[in-house]
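Scroll down for the structure; my scribbles are underneath it.
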Amino acid sequence: MNEVMNISPAVEESTATGETSRTKARRWPGMSVVGALFIVLALLPLGISGSYYMHVLILTFVYVAIASSWRVVSISGQFNIAIGAFMGIGAYAAAIPSVWLHWPPWVTIPLGAVAATILGAALAFPFARLRTIYYAMGTLFLGYVVINLITAGGKTTGMSTGLGGVQPLFGDRRYYYYLTLGLMIVSMFSMYRFEFSRIGVRMKAVSQSHQVAASVGIGERRNRILAVAFGSFFAGLMGAVYCHYQGVASPSSYGLGATLWIIMYVLVGGINSFWGPAVGVGILMVIPEFFFRDLKGDLPYVTAAILLIIAFTMPEGIVGLLKLARDRVFARLRRKEVDLDASGG
Amino acid sequence: MLLEVEHLTKNFGGLSAVNDFDIQVAEGEIVGLIGPNGAGKSTVFNLITGVLPVTSGRVMFDGCDITRRQPEQVARLGIGRTFQLNPLFHEFTVLENVTSSFELHPYSSLFDIFFSTRKYRRNEAFIQEKAHEILELVGLSEEADELAKNLAHGHQKMLGVARALATKPRLLLLDEPLAGMNPGEIKYSLDAIRDMRANGMTVLIVEHNMQILSLCDRVVVIGFGKKITEGLPGEVRANAEVISAYFGADYVC
């Protein structure tokens with residue numbers, strides 16, 4: 001009986017406070033938690049001995065930034081099935097001058113980022129006419145075209161075997177760790193500003209209704225191109241850095257498979273949350289590498305199972321689930337306060 | 001003349017939706033565009049605002065040719081509009097719907113927004129304040145934090161008007177503001193339009209509800225994409241051609 005009595009006010013509480021806590025929810029999980037996490041990550045190389053784990057974390061930082069860049073484009077209603085190709089554009093724009101012209105990495109990495117941005121904006125121009133599934137299909141084939149161009153590039157791109165001999169940035173892996181960590185933090189910060197400012201409002205407005213958006217002066221094409229250019233910058237940047245780290249750029253890393261993994265990270269973490277992609281990469285990349293290494297060969301099947309479970313039971317992803325849990329806890333705490341007040345008075 | 005539409009024509013394939021249509025709206029005037037269903041009223045709106053490309057003809061706004069402009073450019077020039085259906089950003093709150101419509105006044109550049117300069121923060125504070133004022137004006141301040149999709153239909157329409165007002169339009173186009181409203185809401189909306197008139201707003205209203213006539217300075221009647229007649233509300237009401245367009249030729253005595 002008591003429990004039944006308890007359930008109804010809790011439900012009312014959560015609906016009544018749901019909207020007012022929206023501004024709070026945006027700041028979640030709180031800048032202090034994120035700051036603490038960054039400090040731990042900054043100190044981690046002192047504790048981690050094996051360079052393999054260091055490698056996993058570098059990979060993680062790269063993919064957190066790339067997956068987040070995919071999500072930040074998606075808030076404008078564009079589901080880009082060619083994010084891998086944009087990584088590839090960044091990687092090859094850095095690798096080709098590095099290998100053939102011996103340009104230093106400090107020039108080629110920014111070049112990769114800028115090339116991906118410019119090409120992203122140029123390609124977004126015709127694609128801004130397409131919406132929903134047509135946009136997805138269009139970008140899917142765009143990805144194929146980019147990969148085919150790379151493999152058809154002859155000696156310049158190294159064809160399907162890839163282009164080896166890209167100059168390394170550093171000799172020590174630890175420096176790569178700090179470089180990718182730093183770039184990830186800067187990228188995440190930029191994307192946070194992008195999403196939670198008037199720019200993000202414009203993007204979300206365009207994705208909800210381009211007609212209504214146009215009627216108040218928010219142009220669809222302009223904003224969608226801006227979103228793609230912004231997202232491609234980070235994809236290209238991280239693609240270029242990673243290619244210098246690996247010393248090789250190969251087309252197989254940038255095809256549909258790579259794209260689908262990135263989308264998977266976002267979906268598992270939660271497509272409607274800013275931290276969703278980071279959580280998704282953490283769950284699908286870090287945990288298996290650190291704790292379930294025997295699983296490696298079966299990982300795609302396990303991932304597919306996780307994705308199915310999430311799609312059916314928690315469409316908002318892991319972060320959505322955590323938010324729900326937090327709202328429940330807050331509602332319960334608040335109810336306790338109310339009870340205390342009532343008994344006190 | 002604030003708005004001058006000349007020889008406006010729109011063909012969808014072989015079908016002529018709007019045919020050689022003229023309309024003028026002077027500053028400070030409230031003009032009604034009425035006609036039966038399917039007469040081409042909403043098409044005229046979509047042609048003026050650039051949502052649909054014009055087949056031939058010319059649209060002038062404040063001496064400037066806007067015939068081939070994109071909808072967002074037309075909005076920036078100062079033509080605000082409401083929509084008959086789905087007039088909102090459904091996933092935004094009521095307040096966010098209004099603040100997102102403040103794009104143009106005051107304007108923050110991408111640089112200001114991204115680096116959160118003092119100018120941007122000041123603009124945002126101004127926008128929040130103004131948005132609350134506008135919600136007060138249309139009587140939605142209670143629902144400010146509600147998601148727009150959860151509003152009742154009449155309230156959604158009022159929010160649509162609030163959104164259009166937030167763009168500070170020089171000309172406001174209302175697309176069937178009374179459709180789907182109950183009598184109480186109709187009365188409320190008519191009062192709201194009367195207020196706009198008192199404030200010197202220029203309004204062009206599309207409607208097939210004849211109650212709107214009482215508010216208009218001038219009424220243009222459209223049927224089958226052509227202008228049937230134009231005149232004072234009283235004249236139009238008595239016009240035999242209008243009655244035949246609405247009810248069929250048999251009803252004309």
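Just remember, in the structure tokens the first chain shown is A, the second B, etc., residues are 1-based per chain, and ligands are 1-based in the order shown.
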
- Show me which bits of chain B are within 6 Å of chain A, counting only C-alpha atoms, as a PyMOL selection string. chain B and resi 71-72+75-76+89+101

Go ahead and save the residues from that selection, with N, CA and C atoms, as a PDB file, in the first residue's frame.
```pdb
ATOM      1  N   PRO B  71      13.142  31.916 -49.209  1.00  0.00           N
ATOM      2  CA  PRO B  71      12.253  32.247 -48.089  1.00  0.00           C
ATOM      3  C   PRO B  71      12.956  32.965 -46.941  1.00  0.00           C
ATOM      4  N   GLU B  72      14.206  32.530 -46.603  1.00  0.00           N
ATOM      5  CA  GLU B  72      14.856  33.167 -45.449  1.00  0.00           C
ATOM      6  C   GLU B  72      15.266  34.599 -45.764  1.00  0.00           C
ATOM      7  N   ALA B  75      12.183  36.660 -45.332  1.00  0.00           N
ATOM      8  CA  ALA B  75      11.947  36.883 -43.906  1.00  0.00           C
ATOM      9  C   ALA B  75      12.858  37.987 -43.394  1.00  0.00           C
ATOM     10  N   ARG B  76      14.114  37.979 -43.864  1.00  0.00           N
ATOM     11  CA  ARG B  76      15.047  38.991 -43.391  1.00  0.00           C
ATOM     12  C   ARG B  76      14.648  40.385 -43.842  1.00  0.00           C
ATOM     13  N   PHE B  89       8.288  24.705 -34.097  1.00  0.00           N
ATOM     14  CA  PHE B  89       9.361  23.735 -33.841  1.00  0.00           C
ATOM     15  C   PHE B  89       8.862  22.861 -32.696  1.00  0.00           C
ATOM     16  N   SER B 101      13.106  32.518 -32.982  1.00  0.00           N
ATOM     17  CA  SER B 101      12.596  33.360 -34.057  1.00  0.00           C
ATOM     18  C   SER B 101      13.146  34.772 -34.005  1.00  0.00           C
TER      19      SER B 101
END
```

- Test item: residues at most 12 Å from Ile193 in chain B, only C-alpha atoms, excluding those fewer than 3 positions along its chain, as a PyMOL selection string: chain B and resi 29-32+137-138+158+161-162+165+172-174+177-178+186-190+196-205+212-216

- Task: Provide the CA of Ser69 in chain A to CA of Gly112 in chain A distance in Å, to one decimal place.
- Result: 15.6 Å

- Mind checking which residues fall within 10 Å of Gly182 in chain A, counting only C-alpha atoms, ignoring those fewer than 4 positions away in the same chain, and posting them as a PyMOL selection string? chain A and resi 38+42+61+176-178+186-188

- For Ala240 in chain A, which residue out of A:Ile310, A:Ile89, A:Leu140, A:Leu267 is the nearest one, using only C-alpha atoms?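 Smallest separation from Ala240 in chain A among the options: A:Ile89.
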
- Message: For the structure I just gave you, how does DSSP split range 11-130 of chain B - specifically, which residues are alpha helix (DSSP H)? Reply as number ranges by chain.
- Response: B: 41-48, 71-77, 94-100, 110-114, 118-130

- Task: Compare B:Ser56, B:Thr167, B:Thr43, B:Asn37 by their minimum atom-to-atom distance to Thr9 in chain B, counting only C-alpha atoms, and give me the closest one.
- Result: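 Of the candidates, the smallest distance to Thr9 in chain B is held by B:Ser56.
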
With DSSP run on the backbone, what are the strand (DSSP E) residues within range 19-207 of chain B? I'd like them as a PDB file with C-alpha atoms, in the first residue's frame.
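Generated file (selection11.pdb):
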```pdb
ATOM      1  CA  ASN B  19      -3.506  33.048 -62.800  1.00  0.00           C
ATOM      2  CA  ASP B  20      -2.609  36.689 -63.457  1.00  0.00           C
ATOM      3  CA  PHE B  21      -3.322  37.715 -59.871  1.00  0.00           C
ATOM      4  CA  ASP B  22      -2.774  41.251 -58.537  1.00  0.00           C
ATOM      5  CA  ILE B  23      -2.847  42.493 -54.965  1.00  0.00           C
ATOM      6  CA  GLN B  24      -1.569  45.620 -53.232  1.00  0.00           C
ATOM      7  CA  VAL B  25      -1.119  46.256 -49.541  1.00  0.00           C
ATOM      8  CA  ILE B  30      -5.225  45.148 -42.956  1.00  0.00           C
ATOM      9  CA  VAL B  31      -6.145  43.327 -46.133  1.00  0.00           C
ATOM     10  CA  GLY B  32      -8.158  40.132 -46.271  1.00  0.00           C
ATOM     11  CA  LEU B  33      -7.626  37.561 -49.008  1.00  0.00           C
ATOM     12  CA  ILE B  34     -10.663  35.316 -49.014  1.00  0.00           C
ATOM     13  CA  SER B  56       5.592  34.517 -64.115  1.00  0.00           C
ATOM     14  CA  GLY B  57       4.734  37.872 -62.636  1.00  0.00           C
ATOM     15  CA  ARG B  58       6.384  40.112 -60.115  1.00  0.00           C
ATOM     16  CA  VAL B  59       6.399  40.599 -56.334  1.00  0.00           C
ATOM     17  CA  MET B  60       7.606  43.964 -55.029  1.00  0.00           C
ATOM     18  CA  PHE B  61       8.173  44.633 -51.349  1.00  0.00           C
ATOM     19  CA  CYS B  64      12.438  45.993 -53.986  1.00  0.00           C
ATOM     20  CA  ASP B  65      11.874  43.033 -56.326  1.00  0.00           C
ATOM     21  CA  ILE B  79       7.851  39.681 -44.167  1.00  0.00           C
ATOM     22  CA  GLY B  80       6.739  37.487 -41.266  1.00  0.00           C
ATOM     23  CA  ARG B  81       4.283  34.668 -41.760  1.00  0.00           C
ATOM     24  CA  LEU B 171       4.317  42.965 -43.181  1.00  0.00           C
ATOM     25  CA  LEU B 172       2.645  40.033 -41.445  1.00  0.00           C
ATOM     26  CA  LEU B 173       1.039  37.258 -43.481  1.00  0.00           C
ATOM     27  CA  LEU B 174      -1.475  35.210 -41.504  1.00  0.00           C
ATOM     28  CA  ASP B 175      -2.415  31.905 -43.134  1.00  0.00           C
ATOM     29  CA  THR B 202       0.428  45.896 -41.809  1.00  0.00           C
ATOM     30  CA  VAL B 203      -1.327  42.555 -42.163  1.00  0.00           C
ATOM     31  CA  LEU B 204      -2.434  40.343 -45.032  1.00  0.00           C
ATOM     32  CA  ILE B 205      -4.817  37.610 -43.908  1.00  0.00           C
ATOM     33  CA  VAL B 206      -5.805  34.513 -45.833  1.00  0.00           C
ATOM     34  CA  GLU B 207      -9.015  33.067 -44.527  1.00  0.00           C
TER      35      GLU B 207
END
```

- Message: Which residues are near Leu15 in chain B? Cut-off 12 Å, only C-alpha atoms, ignore same chain within fewer than 5 positions. Put them as a count of residues only.
- Response: 6

- Message: Please determine, counting only C-alpha atoms, which residue among A:Phe274, A:Phe189, A:Tyr63, A:Tyr242 has the shortest atom-to-atom distance to Phe114 in chain B.
- Response: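 Distance minimum relative to Phe114 in chain B lands on A:Phe189.
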
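For the pair CA of Thr82 in chain B and CA of Ala17 in chain B, the interatomic distance is 20.7 Å.
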
- Please measure the separation of CA of Arg69 in chain B and CA of Val51 in chain B, giving the value in Å to one decimal.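 Result for CA of Arg69 in chain B versus CA of Val51 in chain B: 9.1 Å, one decimal.
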
- For Pro288 in chain A, the closest of A:Val302, A:Leu41, A:Ala152, A:Ile75 counting only C-alpha atoms is A:Val302

- Option closest in space to Gly154 in chain A, from A:Ala325, A:Ile96, A:Ile262, A:Leu57 [counting only C-alpha atoms]: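 Looking at the shortest contact to Gly154 in chain A, the residue is A:Ile96.
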
- Note on the structure: The residue from A:Ala331, A:Ile81, A:Ala278, A:Ala94 with the smallest atom-to-atom distance to Leu111 in chain A, counting only C-alpha atoms, is A:Ala94
